[in-house]
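In what follows, a single structure is set out as C-alpha cells and then discussed.
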Amino acid sequence: MFKGSLVALITPFRDGGVDEKAFQDFVEWQIAEGTHGLVPCGTTGESPTLSHDEHKRVSELCIEAAAGRVPVVAGAGSNSTDEAIDLARHAKQVGADGILVVTPYYNKPNQDGLYEHFKAINDAVEIPIIIYNIPPRSVVDMTVETMAALAKLPNVVGVKDATTDLQRPLETRIATGPDFCQLSGEDGTALPFLVQGGVGCISVSANVAPKLCSLMHEAWQQGALETAMKINERLMPLHKAMFFQPSPAGAKYGAHLLGHCEPDTRLPLTPAAPETRARVQNAMTDLQLVA
C-alpha cells in the first residue's frame with residue numbers, strides 16, 4: 001500500500017503564517033522528483049505549533065496538489081484521543097489515503113492505554129492507520145506484542161518505526177506477518193531497515209534530496225543492492241546534517257537553498273544556526289544539489 005521514499009513534508013511559513021503557494025509548489029516538485037508518497041503535518045511539518053485550522057488546511061493543500069498521483073498519509077496524531085479522532089475524520093473527509101498517528105506523548109500511557117487509543121481511532125474512522133512509534137519524542141515505546149495486537153484491527157495497516165532498533169522490524173514481521181507495512185522513521189537506518197523487513201521510509205532528507213532517496217528505494221526494490229548501498233553512503237552526511245540541531249531547521253534551510261521556501265521555523269524551534277547551515281550546505285554541495 002505505502003512503500004519506497006515518502007517525504008515527511010516541511011510546512012513553509014511566511015510572515016508568521018503558512019505559505020500556501022510555496023507548500024503546493026513544493027509538493028509539485030517532490031512528485032516531479034520521484035517521491036513515492038507525501039506525509040504532511042508530522043513532526044517535520046511542525047504540527048505541534050500548527051493551529052487546528054492550519055493543520056487541517058495543510059492536509060487539504062497537500063491532497064489538492066497531489067491530485068491522486070501519489071498517496072498522501074496525513075498526520076493525525078495527538079496525545080488526546082478525541083483530538084486524534086477529529087483529525088482522522090477530517091483526513092478521511094478530504095481524501096487522504098491514510099493517516100499517521102503518533103504514540104501519545106507526555107501522558108505516558110502504558111501498553112493497555114496505547115492499545116485502547118489506537119483501537120478508538122480504528123473504530124471511529126475507516127481509513128488506513130500507520131502507527132508512529134518514536135520513543136525519543138513521545139517517551140513511550142509500543143512493544144512488538146502491542147503492535148501485533150493492533151495489527152489485527154482492520155484499519156491498522158503499518159508502522160513508522162523511529163526506534164533505530166534494527167532488530168525490531170524483523171521481530172515485528174514475525175509477529176504481524178509480511179503484509180504489515182513497516183516504514184523506517186530514521187533516514188540513517190533506512191536501508192538496513194529494508195533488509196530486516198521494511199518496505200520504505202518516511203524521510204526528512206527527502207525534503208532536499210527526493211530524487212536520490214527515491215532512487216535508493218527503487219534500487220532496493222529491483223534487487224540492485226550495490227547501487228542502493230552506494231546511494232545510501234552518499235546520503236549519510238546529509239542525514240546527519242538534517243539533525244545537527246532539532247528538525248526541521250536543517251531541512252528548511254536546505255529547501256531554502258533550493259529556492260522553495262523561507263528558512264523560518266516556529267518557536268520554540270529556531271532556524272538553522274550558522275554551523276547547521278554550513279553542514280547542510282556542504283552536504284548538499286557534495287551531492288551536487290547546490291553549487
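In the C-alpha cells, the first chain shown is A, the next is B, and so on; residue numbers restart at 1 for each chain, and ligands run from 1 in the order shown.
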Next on the checklist: According to DSSP computed on the backbone, where in range 48-180 of chain A is there alpha helix (DSSP H)? Give the residues as a ChimeraX atom specification.
Outcome noted: /A:52-66,81-94,111-124,135-138,144-151,168-176
Give me the residues within 12 Å of Glu171 in chain A as a PDB file with N, CA and C atoms, in the first residue's frame, counting only C-alpha atoms and dropping any in the same chain fewer than 5 places off.
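Final file, around-v2.pdb:
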```
ATOM      1  N   THR A 143       5.389  -1.912  22.368  1.00  0.00           N
ATOM      2  CA  THR A 143       6.064  -3.195  22.260  1.00  0.00           C
ATOM      3  C   THR A 143       5.620  -3.935  21.005  1.00  0.00           C
ATOM      4  N   VAL A 144       6.412  -4.909  20.618  1.00  0.00           N
ATOM      5  CA  VAL A 144       6.056  -5.741  19.473  1.00  0.00           C
ATOM      6  C   VAL A 144       4.732  -6.451  19.736  1.00  0.00           C
ATOM      7  N   GLU A 145       4.501  -6.859  20.971  1.00  0.00           N
ATOM      8  CA  GLU A 145       3.257  -7.567  21.312  1.00  0.00           C
ATOM      9  C   GLU A 145       2.035  -6.664  21.136  1.00  0.00           C
ATOM     10  N   MET A 147       1.929  -3.995  19.190  1.00  0.00           N
ATOM     11  CA  MET A 147       1.832  -3.753  17.746  1.00  0.00           C
ATOM     12  C   MET A 147       1.125  -4.912  17.051  1.00  0.00           C
ATOM     13  N   ALA A 148       1.460  -6.137  17.427  1.00  0.00           N
ATOM     14  CA  ALA A 148       0.847  -7.310  16.815  1.00  0.00           C
ATOM     15  C   ALA A 148      -0.641  -7.373  17.122  1.00  0.00           C
ATOM     16  N   ASP A 165      16.072   0.675  16.365  1.00  0.00           N
ATOM     17  CA  ASP A 165      16.361  -0.701  16.768  1.00  0.00           C
ATOM     18  C   ASP A 165      16.186  -1.593  15.543  1.00  0.00           C
ATOM     19  N   LEU A 166      17.289  -2.025  14.956  1.00  0.00           N
ATOM     20  CA  LEU A 166      17.215  -2.782  13.710  1.00  0.00           C
ATOM     21  C   LEU A 166      16.827  -4.246  13.910  1.00  0.00           C
ATOM     22  N   THR A 176       3.594  -9.995  13.114  1.00  0.00           N
ATOM     23  CA  THR A 176       2.418  -9.454  12.417  1.00  0.00           C
ATOM     24  C   THR A 176       2.177 -10.070  11.044  1.00  0.00           C
ATOM     25  N   GLY A 177       3.210 -10.664  10.468  1.00  0.00           N
ATOM     26  CA  GLY A 177       3.086 -11.199   9.115  1.00  0.00           C
ATOM     27  C   GLY A 177       3.667 -10.252   8.087  1.00  0.00           C
ATOM     28  N   PRO A 178       3.896 -10.747   6.871  1.00  0.00           N
ATOM     29  CA  PRO A 178       4.603  -9.961   5.849  1.00  0.00           C
ATOM     30  C   PRO A 178       3.797  -8.813   5.254  1.00  0.00           C
ATOM     31  N   PHE A 180       2.064  -6.506   6.902  1.00  0.00           N
ATOM     32  CA  PHE A 180       2.060  -5.316   7.747  1.00  0.00           C
ATOM     33  C   PHE A 180       3.127  -4.355   7.218  1.00  0.00           C
ATOM     34  N   GLN A 182       5.811  -1.802   7.130  1.00  0.00           N
ATOM     35  CA  GLN A 182       6.799  -1.234   8.040  1.00  0.00           C
ATOM     36  C   GLN A 182       7.641  -0.187   7.314  1.00  0.00           C
ATOM     37  N   PHE A 193      17.008  -1.211   7.533  1.00  0.00           N
ATOM     38  CA  PHE A 193      15.618  -1.454   7.928  1.00  0.00           C
ATOM     39  C   PHE A 193      14.896  -2.250   6.842  1.00  0.00           C
ATOM     40  N   GLN A 196      15.728  -5.869   6.995  1.00  0.00           N
ATOM     41  CA  GLN A 196      15.122  -6.563   8.126  1.00  0.00           C
ATOM     42  C   GLN A 196      13.598  -6.683   8.032  1.00  0.00           C
ATOM     43  N   GLY A 197      13.019  -6.297   6.897  1.00  0.00           N
ATOM     44  CA  GLY A 197      11.582  -6.496   6.727  1.00  0.00           C
ATOM     45  C   GLY A 197      10.779  -5.261   6.393  1.00  0.00           C
ATOM     46  N   GLY A 198      11.445  -4.098   6.290  1.00  0.00           N
ATOM     47  CA  GLY A 198      10.733  -2.879   5.952  1.00  0.00           C
ATOM     48  C   GLY A 198      10.427  -2.768   4.469  1.00  0.00           C
TER      49      GLY A 198
END
```
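If you measure from each of A:Val159, A:Leu258, A:Ile10, A:Ala76 to Val290 in chain A using only C-alpha atoms, the closest one turns out to be A:Leu258.
From CA of Glu83 in chain A back to CA of Ser203 in chain A, the distance works out to 25.3 Å.
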Checklist entry - With only C-alpha atoms as the atoms that count, which of A:Lys119, A:Lys211, A:Lys92, A:Arg277 lies nearest to Ala241 in chain A? => result A:Arg277
Item to check | Separation of CA of Met242 in chain A from CA of Pro12 in chain A in Å | outcome: 16.3 Å
Item to check | Atom-to-atom span, CA of Asp97 in chain A and CA of Gln111 in chain A, Å | outcome: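 Going from CA of Asp97 in chain A over to CA of Gln111 in chain A, I get 27.2 Å.
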Item to check | Selection: 12 Å around range 120-127 of chain A, only C-alpha atoms, excl. self and same-chain fewer than 6 positions, as a PyMOL selection string | outcome: chain A and resi 72-74+76-78+80-102+113-114+150-157
Checklist entry - Between A:Val208, A:Leu238, A:Met1, A:Leu38, which has the minimum distance to Asn282 in chain A (counting only C-alpha atoms)? => result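 Ranking A:Val208, A:Leu238, A:Met1, A:Leu38 by distance to Asn282 in chain A, first place goes to A:Leu238.
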Item to check | Residue contacts of Thr270 in chain A (12 Å, only C-alpha atoms) excluding same-chain residues fewer than 5 positions away, as a PyMOL selection string | outcome: chain A and resi 46+245-250+252-253+263-265+276
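Neighbouring residues of range 64-70 of chain A at 8 Å or closer, counting only C-alpha atoms and skipping chain neighbours under 2 positions away, are Gln24, Val27, Glu28, Ile31, His36, Gly37, Leu38, Glu60, Leu61, Cys62 and Val72 of chain A.
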Write a file of the just-selected residues containing all heavy atoms, as a PDB file, in the first residue's frame.
```pdb
ATOM      1  N   GLN A  24       2.375  24.168  -1.871  1.00  0.00           N
ATOM      2  CA  GLN A  24       1.857  23.386  -3.001  1.00  0.00           C
ATOM      3  C   GLN A  24       2.887  23.288  -4.124  1.00  0.00           C
ATOM      4  O   GLN A  24       2.984  22.235  -4.776  1.00  0.00           O
ATOM      5  CB  GLN A  24       0.553  23.992  -3.512  1.00  0.00           C
ATOM      6  CG  GLN A  24      -0.601  23.771  -2.546  1.00  0.00           C
ATOM      7  CD  GLN A  24      -1.959  23.928  -3.198  1.00  0.00           C
ATOM      8  OE1 GLN A  24      -2.213  24.894  -3.926  1.00  0.00           O
ATOM      9  NE2 GLN A  24      -2.848  22.986  -2.946  1.00  0.00           N
ATOM     10  N   VAL A  27       5.181  20.510  -3.048  1.00  0.00           N
ATOM     11  CA  VAL A  27       4.573  19.198  -3.299  1.00  0.00           C
ATOM     12  C   VAL A  27       4.724  18.826  -4.771  1.00  0.00           C
ATOM     13  O   VAL A  27       5.075  17.680  -5.104  1.00  0.00           O
ATOM     14  CB  VAL A  27       3.086  19.208  -2.881  1.00  0.00           C
ATOM     15  CG1 VAL A  27       2.360  17.965  -3.418  1.00  0.00           C
ATOM     16  CG2 VAL A  27       2.955  19.277  -1.363  1.00  0.00           C
ATOM     17  N   GLU A  28       4.480  19.777  -5.648  1.00  0.00           N
ATOM     18  CA  GLU A  28       4.608  19.522  -7.086  1.00  0.00           C
ATOM     19  C   GLU A  28       6.036  19.108  -7.433  1.00  0.00           C
ATOM     20  O   GLU A  28       6.265  18.170  -8.210  1.00  0.00           O
ATOM     21  CB  GLU A  28       4.206  20.771  -7.867  1.00  0.00           C
ATOM     22  CG  GLU A  28       4.111  20.568  -9.370  1.00  0.00           C
ATOM     23  CD  GLU A  28       2.996  19.622  -9.764  1.00  0.00           C
ATOM     24  OE1 GLU A  28       1.909  19.661  -9.153  1.00  0.00           O
ATOM     25  OE2 GLU A  28       3.213  18.812 -10.705  1.00  0.00           O
ATOM     26  N   ILE A  31       6.837  15.490  -6.291  1.00  0.00           N
ATOM     27  CA  ILE A  31       6.285  14.474  -7.193  1.00  0.00           C
ATOM     28  C   ILE A  31       7.111  14.393  -8.475  1.00  0.00           C
ATOM     29  O   ILE A  31       7.432  13.298  -8.958  1.00  0.00           O
ATOM     30  CB  ILE A  31       4.803  14.779  -7.512  1.00  0.00           C
ATOM     31  CG1 ILE A  31       3.964  14.643  -6.219  1.00  0.00           C
ATOM     32  CG2 ILE A  31       4.265  13.838  -8.594  1.00  0.00           C
ATOM     33  CD1 ILE A  31       2.530  15.102  -6.368  1.00  0.00           C
ATOM     34  N   HIS A  36       7.687   8.910  -3.632  1.00  0.00           N
ATOM     35  CA  HIS A  36       6.647   7.884  -3.755  1.00  0.00           C
ATOM     36  C   HIS A  36       5.425   8.148  -2.886  1.00  0.00           C
ATOM     37  O   HIS A  36       4.409   7.457  -3.034  1.00  0.00           O
ATOM     38  CB  HIS A  36       7.237   6.514  -3.381  1.00  0.00           C
ATOM     39  CG  HIS A  36       8.416   6.137  -4.203  1.00  0.00           C
ATOM     40  ND1 HIS A  36       9.638   5.804  -3.654  1.00  0.00           N
ATOM     41  CD2 HIS A  36       8.587   6.051  -5.551  1.00  0.00           C
ATOM     42  CE1 HIS A  36      10.497   5.511  -4.620  1.00  0.00           C
ATOM     43  NE2 HIS A  36       9.899   5.673  -5.773  1.00  0.00           N
ATOM     44  N   GLY A  37       5.512   9.106  -1.970  1.00  0.00           N
ATOM     45  CA  GLY A  37       4.374   9.411  -1.110  1.00  0.00           C
ATOM     46  C   GLY A  37       4.636  10.666  -0.303  1.00  0.00           C
ATOM     47  O   GLY A  37       5.786  11.083  -0.110  1.00  0.00           O
ATOM     48  N   LEU A  38       3.570  11.275   0.197  1.00  0.00           N
ATOM     49  CA  LEU A  38       3.641  12.561   0.883  1.00  0.00           C
ATOM     50  C   LEU A  38       3.040  12.441   2.279  1.00  0.00           C
ATOM     51  O   LEU A  38       1.954  11.873   2.445  1.00  0.00           O
ATOM     52  CB  LEU A  38       2.871  13.626   0.094  1.00  0.00           C
ATOM     53  CG  LEU A  38       3.286  13.817  -1.366  1.00  0.00           C
ATOM     54  CD1 LEU A  38       2.207  14.580  -2.130  1.00  0.00           C
ATOM     55  CD2 LEU A  38       4.620  14.555  -1.457  1.00  0.00           C
ATOM     56  N   GLU A  60      -5.309  19.545   3.505  1.00  0.00           N
ATOM     57  CA  GLU A  60      -6.131  19.816   2.317  1.00  0.00           C
ATOM     58  C   GLU A  60      -5.279  20.281   1.144  1.00  0.00           C
ATOM     59  O   GLU A  60      -5.470  19.835  -0.003  1.00  0.00           O
ATOM     60  CB  GLU A  60      -7.185  20.880   2.645  1.00  0.00           C
ATOM     61  CG  GLU A  60      -8.253  20.417   3.622  1.00  0.00           C
ATOM     62  CD  GLU A  60      -9.085  21.573   4.164  1.00  0.00           C
ATOM     63  OE1 GLU A  60      -8.903  22.728   3.682  1.00  0.00           O
ATOM     64  OE2 GLU A  60      -9.894  21.345   5.078  1.00  0.00           O
ATOM     65  N   LEU A  61      -4.345  21.193   1.412  1.00  0.00           N
ATOM     66  CA  LEU A  61      -3.481  21.709   0.352  1.00  0.00           C
ATOM     67  C   LEU A  61      -2.640  20.592  -0.268  1.00  0.00           C
ATOM     68  O   LEU A  61      -2.449  20.543  -1.491  1.00  0.00           O
ATOM     69  CB  LEU A  61      -2.547  22.777   0.920  1.00  0.00           C
ATOM     70  CG  LEU A  61      -3.188  24.113   1.307  1.00  0.00           C
ATOM     71  CD1 LEU A  61      -2.219  24.924   2.155  1.00  0.00           C
ATOM     72  CD2 LEU A  61      -3.611  24.895   0.071  1.00  0.00           C
ATOM     73  N   CYS A  62      -2.147  19.680   0.557  1.00  0.00           N
ATOM     74  CA  CYS A  62      -1.321  18.582   0.073  1.00  0.00           C
ATOM     75  C   CYS A  62      -2.128  17.647  -0.815  1.00  0.00           C
ATOM     76  O   CYS A  62      -1.697  17.265  -1.907  1.00  0.00           O
ATOM     77  CB  CYS A  62      -0.728  17.827   1.255  1.00  0.00           C
ATOM     78  SG  CYS A  62       0.405  16.516   0.787  1.00  0.00           S
ATOM     79  N   VAL A  72      -1.140  10.170  -0.108  1.00  0.00           N
ATOM     80  CA  VAL A  72      -0.953  11.144   0.960  1.00  0.00           C
ATOM     81  C   VAL A  72      -1.334  10.488   2.281  1.00  0.00           C
ATOM     82  O   VAL A  72      -2.457  10.011   2.442  1.00  0.00           O
ATOM     83  CB  VAL A  72      -1.809  12.407   0.745  1.00  0.00           C
ATOM     84  CG1 VAL A  72      -1.690  13.354   1.938  1.00  0.00           C
ATOM     85  CG2 VAL A  72      -1.407  13.110  -0.543  1.00  0.00           C
TER      86      VAL A  72
END
```
Next on the checklist: DSSP on the backbone: which residues in range 101-271 of chain A end up as strand (DSSP E)? Give the answer as an MDAnalysis selection string.
Outcome noted: chainID A and resid 101:102 129:133 156:161 181:184 200:203
Prev. selection, N, CA and C atoms, output as a tab-separated table (two decimals), in the first residue's frame:
```tsv
chain	number	residue	atom	x	y	z
A	101	VAL	N	-0.38	8.33	12.91
A	101	VAL	CA	-0.82	8.65	14.26
A	101	VAL	C	0.28	8.29	15.25
A	102	VAL	N	0.83	9.30	15.90
A	102	VAL	CA	1.94	9.10	16.82
A	102	VAL	C	1.45	8.52	18.14
A	129	ILE	N	-4.42	3.25	8.94
A	129	ILE	CA	-3.69	3.90	10.03
A	129	ILE	C	-2.25	3.37	10.07
A	130	ILE	N	-1.31	4.30	10.02
A	130	ILE	CA	0.10	3.98	10.27
A	130	ILE	C	0.44	4.47	11.67
A	131	ILE	N	0.85	3.56	12.54
A	131	ILE	CA	1.27	3.92	13.90
A	131	ILE	C	2.67	4.52	13.84
A	132	TYR	N	2.86	5.63	14.50
A	132	TYR	CA	4.18	6.27	14.53
A	132	TYR	C	4.79	6.03	15.90
A	133	ASN	N	5.77	5.13	15.96
A	133	ASN	CA	6.41	4.77	17.21
A	133	ASN	C	7.76	5.47	17.31
A	156	VAL	N	-5.64	-0.74	11.01
A	156	VAL	CA	-4.23	-0.56	11.38
A	156	VAL	C	-3.39	-1.37	10.40
A	157	VAL	N	-2.69	-0.67	9.50
A	157	VAL	CA	-2.01	-1.35	8.40
A	157	VAL	C	-0.50	-1.33	8.50
A	158	GLY	N	0.08	-0.51	9.40
A	158	GLY	CA	1.53	-0.45	9.42
A	158	GLY	C	2.08	0.43	10.52
A	159	VAL	N	3.40	0.60	10.48
A	159	VAL	CA	4.10	1.38	11.48
A	159	VAL	C	5.19	2.23	10.83
A	160	LYS	N	5.36	3.43	11.35
A	160	LYS	CA	6.56	4.22	11.11
A	160	LYS	C	7.43	4.02	12.33
A	161	ASP	N	8.53	3.31	12.16
A	161	ASP	CA	9.38	2.91	13.28
A	161	ASP	C	10.59	3.83	13.37
A	181	CYS	N	2.72	-3.12	6.93
A	181	CYS	CA	3.57	-2.13	6.25
A	181	CYS	C	4.53	-1.48	7.25
A	182	GLN	N	5.81	-1.80	7.13
A	182	GLN	CA	6.80	-1.23	8.04
A	182	GLN	C	7.64	-0.19	7.31
A	183	LEU	N	7.57	1.04	7.80
A	183	LEU	CA	8.30	2.17	7.23
A	183	LEU	C	9.29	2.68	8.26
A	184	SER	N	10.51	2.88	7.86
A	184	SER	CA	11.51	3.45	8.76
A	184	SER	C	11.20	4.92	9.01
A	200	GLY	N	9.87	0.72	3.22
A	200	GLY	CA	10.08	2.11	2.83
A	200	GLY	C	10.52	2.95	4.00
A	201	CYS	N	10.54	4.27	3.76
A	201	CYS	CA	10.98	5.23	4.78
A	201	CYS	C	10.17	6.50	4.66
A	202	ILE	N	9.76	7.04	5.80
A	202	ILE	CA	9.20	8.39	5.84
A	202	ILE	C	10.36	9.31	6.18
A	203	SER	N	10.82	10.05	5.18
A	203	SER	CA	12.14	10.65	5.17
A	203	SER	C	12.13	12.16	5.38
```
Next on the checklist: Set the distance at 8 Å and use only C-alpha atoms: which residues neighbour Tyr106 in chain A once local chain neighbours fewer than 2 positions away are removed? I'd like the list as a PyMOL selection string.
Outcome noted: chain A and resi 79+104+108+138-139
Checklist entry - Using only C-alpha atoms, which of the listed residues (A:Val199, A:Ala278, A:Ala8, A:Cys261) sits closest to Lys21 in chain A? => result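 Of the candidates, the smallest distance to Lys21 in chain A is held by A:Cys261.
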Could I get the residues of range 152-206 of chain A with an atom no further than 12 Å from an atom of range 223-229 of chain A, each paired with its nearest atom pair and that distance in Å to one decimal, using only C-alpha atoms, sorted by chain and residue number, as a tab-separated table?
```
residue	atom	partner	partner_atom	distance
A:Gly188	CA	A:Met229	CA	11.9
A:Thr189	CA	A:Met229	CA	11.6
A:Ala190	CA	A:Ala228	CA	10.7
A:Leu191	CA	A:Met229	CA	7.7
A:Pro192	CA	A:Met229	CA	9.6
A:Leu194	CA	A:Ala228	CA	10.9
A:Val195	CA	A:Leu225	CA	10.0
```
Using the selection just defined, write its residues with N, CA, C and O atoms as a PDB file, in the first residue's frame.
```pdb
ATOM      1  N   GLY A 188      18.970   7.493   8.463  1.00  0.00           N
ATOM      2  CA  GLY A 188      20.277   6.863   8.578  1.00  0.00           C
ATOM      3  C   GLY A 188      20.240   5.353   8.653  1.00  0.00           C
ATOM      4  O   GLY A 188      21.243   4.694   8.370  1.00  0.00           O
ATOM      5  N   THR A 189      19.095   4.783   9.050  1.00  0.00           N
ATOM      6  CA  THR A 189      18.968   3.329   9.132  1.00  0.00           C
ATOM      7  C   THR A 189      17.975   2.775   8.123  1.00  0.00           C
ATOM      8  O   THR A 189      17.565   1.615   8.218  1.00  0.00           O
ATOM      9  N   ALA A 190      17.581   3.573   7.152  1.00  0.00           N
ATOM     10  CA  ALA A 190      16.529   3.161   6.223  1.00  0.00           C
ATOM     11  C   ALA A 190      16.895   1.910   5.425  1.00  0.00           C
ATOM     12  O   ALA A 190      16.070   1.001   5.267  1.00  0.00           O
ATOM     13  N   LEU A 191      18.126   1.851   4.915  1.00  0.00           N
ATOM     14  CA  LEU A 191      18.489   0.702   4.087  1.00  0.00           C
ATOM     15  C   LEU A 191      18.567  -0.587   4.898  1.00  0.00           C
ATOM     16  O   LEU A 191      17.967  -1.599   4.504  1.00  0.00           O
ATOM     17  N   PRO A 192      19.277  -0.629   6.031  1.00  0.00           N
ATOM     18  CA  PRO A 192      19.251  -1.858   6.820  1.00  0.00           C
ATOM     19  C   PRO A 192      17.851  -2.203   7.331  1.00  0.00           C
ATOM     20  O   PRO A 192      17.536  -3.383   7.525  1.00  0.00           O
ATOM     21  N   LEU A 194      15.159  -1.925   5.582  1.00  0.00           N
ATOM     22  CA  LEU A 194      14.569  -2.677   4.475  1.00  0.00           C
ATOM     23  C   LEU A 194      15.014  -4.134   4.501  1.00  0.00           C
ATOM     24  O   LEU A 194      14.218  -5.047   4.283  1.00  0.00           O
ATOM     25  N   VAL A 195      16.277  -4.345   4.777  1.00  0.00           N
ATOM     26  CA  VAL A 195      16.827  -5.697   4.832  1.00  0.00           C
ATOM     27  C   VAL A 195      16.116  -6.520   5.907  1.00  0.00           C
ATOM     28  O   VAL A 195      15.890  -7.724   5.739  1.00  0.00           O
TER      29      VAL A 195
END
```
